[in-house]
Amino acid sequence: MTKMLYMSDSESNYIKRFEAEVTKAKGDYVVLDQTAFYPLGGGQPSDVGYLEWDGGKARVKEVLKKSVVKHILNGHIPKVGTRVWGELDWELRHAHMRMHTTQHIISGLVYDRYGARTVGNQLYSDHSRIDFAPLKIDQESLNELESACNELLSKNLNISIYEEDRSVLEARIDKRRANLDLLPSSVKRLRIVEVEGVDVGPCAGTHVRNTGEIGTMKIIKLQNKGKETVRITYELTYPLAV
Ligand SMILES: [Zn+2]
């Protein structure tokens, strides 16, 4: 099992460089005893970056979570037992974090205002999209949604990440709002992402520690996807220096 270094708390989402040991090397991939690379999943793209070791370096093209967490490499493949340094493409990862936290805030606002659930989402570094159902929304309401989101983003709200028993979470929040009722019943312990005073829900993704890092959200497209499903596409603008 690979220890996922970004899981434990908010600060761990900022690990950009880490040391690890190769536990498996096969074909074009390696498995590590621990990693800070986020594997593709939950609408968030895989991290990319580099692995470096004594006498070698390889690009991490993609990280996939199958039965094991595979770091797919371009270049030489280090042997089992090799100590390696991993380094994330931080600009890309931080963009995904900003997009992901914003997605939680928009999803929460849409649920509170219209009772529509998030039925899909795909994050990228330059734009992202969220599908809501059932939802009908006009341009005026969309503008209001954008303003409400930006007001929250400007408040420098803290984001905390922690573990909690599912039963404890279920007793204190609206299960539909966080899509908790859709999680398999076998899942008893959850990793929670909480945007201070705004949104609480289970999520395995990576997030900023404060909304002040996000900047301004702009809705750039509204699409009707049929079956009462509406797709909202947004982008973020901010002169970042993190
Ligand atoms: Zn999430």
# chains A, B, ... in the order shown; residues from 1 in each chain; ligands from 1

$ residues_near_ligand --ligand "ligand 1" --cutoff "12 Å" --atoms "only C-alpha atoms and all ligand atoms" --output "PyMOL selection string"
chain A and resi 41-44+96-108+118+120-123+130+161+178-179+191-195+199-208

$ closest_atom_pairs --of "segment 86-114 of chain A" --to "segment 21-38 of chain A" --cutoff "12 Å" --atoms "only C-alpha atoms" --output "JSON lines"
{"residue": "A:Gly86", "atom": "CA", "partner": "A:Thr35", "partner_atom": "CA", "distance": 7.6}
{"residue": "A:Glu87", "atom": "CA", "partner": "A:Ala36", "partner_atom": "CA", "distance": 8.4}
{"residue": "A:Leu88", "atom": "CA", "partner": "A:Phe37", "partner_atom": "CA", "distance": 6.7}
{"residue": "A:Asp89", "atom": "CA", "partner": "A:Phe37", "partner_atom": "CA", "distance": 9.4}
{"residue": "A:Trp90", "atom": "CA", "partner": "A:Phe37", "partner_atom": "CA", "distance": 10.3}
{"residue": "A:Leu92", "atom": "CA", "partner": "A:Tyr38", "partner_atom": "CA", "distance": 11.4}
{"residue": "A:Arg93", "atom": "CA", "partner": "A:Tyr38", "partner_atom": "CA", "distance": 8.5}
{"residue": "A:His94", "atom": "CA", "partner": "A:Tyr38", "partner_atom": "CA", "distance": 11.5}
{"residue": "A:His96", "atom": "CA", "partner": "A:Tyr38", "partner_atom": "CA", "distance": 10.3}
{"residue": "A:Met97", "atom": "CA", "partner": "A:Tyr38", "partner_atom": "CA", "distance": 10.8}

$ select_by_dssp --residues "segment 101-238 of chain A" --states "strand (DSSP E)" --output "NGL selection string"
:A and (117-123 or 128-133 or 159-165 or 189-195 or 199-202 or 216-224 or 230-237)

$ closest_residue --among "A:Arg113, A:Lys175, A:Lys16, A:Arg129" --to "Leu222 of chain A" --atoms "only C-alpha atoms"
A:Arg129

$ decode --residues "segment 138-164 of chain A" --atoms "N, CA and C atoms" --output "PDB file, in the first residue's frame"
ATOM      1  N   ASP A 138     -31.686  30.734 -15.339  1.00  0.00           N
ATOM      2  CA  ASP A 138     -31.582  31.783 -16.370  1.00  0.00           C
ATOM      3  C   ASP A 138     -30.324  32.622 -16.131  1.00  0.00           C
ATOM      4  N   GLN A 139     -30.069  33.521 -17.057  1.00  0.00           N
ATOM      5  CA  GLN A 139     -28.830  34.307 -17.013  1.00  0.00           C
ATOM      6  C   GLN A 139     -28.737  35.165 -15.747  1.00  0.00           C
ATOM      7  N   GLU A 140     -29.863  35.721 -15.337  1.00  0.00           N
ATOM      8  CA  GLU A 140     -29.854  36.578 -14.156  1.00  0.00           C
ATOM      9  C   GLU A 140     -29.444  35.779 -12.911  1.00  0.00           C
ATOM     10  N   SER A 141     -30.027  34.585 -12.769  1.00  0.00           N
ATOM     11  CA  SER A 141     -29.692  33.727 -11.626  1.00  0.00           C
ATOM     12  C   SER A 141     -28.238  33.273 -11.685  1.00  0.00           C
ATOM     13  N   LEU A 142     -27.767  33.080 -12.900  1.00  0.00           N
ATOM     14  CA  LEU A 142     -26.374  32.665 -13.089  1.00  0.00           C
ATOM     15  C   LEU A 142     -25.419  33.776 -12.623  1.00  0.00           C
ATOM     16  N   ASN A 143     -25.784  35.013 -12.953  1.00  0.00           N
ATOM     17  CA  ASN A 143     -24.987  36.158 -12.508  1.00  0.00           C
ATOM     18  C   ASN A 143     -24.980  36.257 -10.980  1.00  0.00           C
ATOM     19  N   GLU A 144     -26.146  35.989 -10.386  1.00  0.00           N
ATOM     20  CA  GLU A 144     -26.242  36.033  -8.929  1.00  0.00           C
ATOM     21  C   GLU A 144     -25.392  34.939  -8.289  1.00  0.00           C
ATOM     22  N   LEU A 145     -25.399  33.786  -8.933  1.00  0.00           N
ATOM     23  CA  LEU A 145     -24.594  32.658  -8.436  1.00  0.00           C
ATOM     24  C   LEU A 145     -23.108  33.010  -8.468  1.00  0.00           C
ATOM     25  N   GLU A 146     -22.702  33.610  -9.572  1.00  0.00           N
ATOM     26  CA  GLU A 146     -21.301  34.017  -9.726  1.00  0.00           C
ATOM     27  C   GLU A 146     -20.912  35.036  -8.642  1.00  0.00           C
ATOM     28  N   SER A 147     -21.783  36.016  -8.407  1.00  0.00           N
ATOM     29  CA  SER A 147     -21.505  37.029  -7.380  1.00  0.00           C
ATOM     30  C   SER A 147     -21.429  36.414  -5.991  1.00  0.00           C
ATOM     31  N   ALA A 148     -22.367  35.513  -5.694  1.00  0.00           N
ATOM     32  CA  ALA A 148     -22.387  34.879  -4.371  1.00  0.00           C
ATOM     33  C   ALA A 148     -21.113  34.068  -4.150  1.00  0.00           C
ATOM     34  N   CYS A 149     -20.679  33.370  -5.177  1.00  0.00           N
ATOM     35  CA  CYS A 149     -19.444  32.575  -5.081  1.00  0.00           C
ATOM     36  C   CYS A 149     -18.248  33.503  -4.853  1.00  0.00           C
ATOM     37  N   ASN A 150     -18.171  34.576  -5.616  1.00  0.00           N
ATOM     38  CA  ASN A 150     -17.037  35.496  -5.484  1.00  0.00           C
ATOM     39  C   ASN A 150     -17.006  36.201  -4.139  1.00  0.00           C
ATOM     40  N   GLU A 151     -18.198  36.440  -3.583  1.00  0.00           N
ATOM     41  CA  GLU A 151     -18.232  37.055  -2.263  1.00  0.00           C
ATOM     42  C   GLU A 151     -17.617  36.102  -1.230  1.00  0.00           C
ATOM     43  N   LEU A 152     -17.960  34.822  -1.351  1.00  0.00           N
ATOM     44  CA  LEU A 152     -17.380  33.826  -0.426  1.00  0.00           C
ATOM     45  C   LEU A 152     -15.871  33.706  -0.634  1.00  0.00           C
ATOM     46  N   LEU A 153     -15.445  33.649  -1.893  1.00  0.00           N
ATOM     47  CA  LEU A 153     -14.007  33.503  -2.182  1.00  0.00           C
ATOM     48  C   LEU A 153     -13.211  34.662  -1.578  1.00  0.00           C
ATOM     49  N   SER A 154     -13.797  35.862  -1.586  1.00  0.00           N
ATOM     50  CA  SER A 154     -13.071  37.048  -1.119  1.00  0.00           C
ATOM     51  C   SER A 154     -12.977  37.129   0.402  1.00  0.00           C
ATOM     52  N   LYS A 155     -13.677  36.229   1.095  1.00  0.00           N
ATOM     53  CA  LYS A 155     -13.703  36.297   2.566  1.00  0.00           C
ATOM     54  C   LYS A 155     -12.513  35.617   3.249  1.00  0.00           C
ATOM     55  N   ASN A 156     -11.577  35.109   2.483  1.00  0.00           N
ATOM     56  CA  ASN A 156     -10.419  34.403   3.059  1.00  0.00           C
ATOM     57  C   ASN A 156     -10.852  33.303   4.035  1.00  0.00           C
ATOM     58  N   LEU A 157     -11.737  32.440   3.578  1.00  0.00           N
ATOM     59  CA  LEU A 157     -12.236  31.337   4.409  1.00  0.00           C
ATOM     60  C   LEU A 157     -11.207  30.220   4.461  1.00  0.00           C
ATOM     61  N   ASN A 158     -11.054  29.626   5.643  1.00  0.00           N
ATOM     62  CA  ASN A 158     -10.123  28.510   5.781  1.00  0.00           C
ATOM     63  C   ASN A 158     -10.766  27.212   5.316  1.00  0.00           C
ATOM     64  N   ILE A 159      -9.936  26.326   4.772  1.00  0.00           N
ATOM     65  CA  ILE A 159     -10.394  24.993   4.390  1.00  0.00           C
ATOM     66  C   ILE A 159      -9.679  24.003   5.298  1.00  0.00           C
ATOM     67  N   SER A 160     -10.454  23.156   5.971  1.00  0.00           N
ATOM     68  CA  SER A 160      -9.804  22.149   6.800  1.00  0.00           C
ATOM     69  C   SER A 160     -10.121  20.752   6.266  1.00  0.00           C
ATOM     70  N   ILE A 161      -9.165  19.863   6.464  1.00  0.00           N
ATOM     71  CA  ILE A 161      -9.281  18.483   5.985  1.00  0.00           C
ATOM     72  C   ILE A 161      -9.013  17.565   7.170  1.00  0.00           C
ATOM     73  N   TYR A 162      -9.931  16.617   7.404  1.00  0.00           N
ATOM     74  CA  TYR A 162      -9.786  15.714   8.550  1.00  0.00           C
ATOM     75  C   TYR A 162     -10.605  14.450   8.304  1.00  0.00           C
ATOM     76  N   GLU A 163     -10.379  13.460   9.143  1.00  0.00           N
ATOM     77  CA  GLU A 163     -11.148  12.216   9.053  1.00  0.00           C
ATOM     78  C   GLU A 163     -12.271  12.210  10.069  1.00  0.00           C
ATOM     79  N   GLU A 164     -13.348  11.537   9.714  1.00  0.00           N
ATOM     80  CA  GLU A 164     -14.474  11.444  10.640  1.00  0.00           C
ATOM     81  C   GLU A 164     -15.259  10.174  10.331  1.00  0.00           C
TER      82      GLU A 164
END
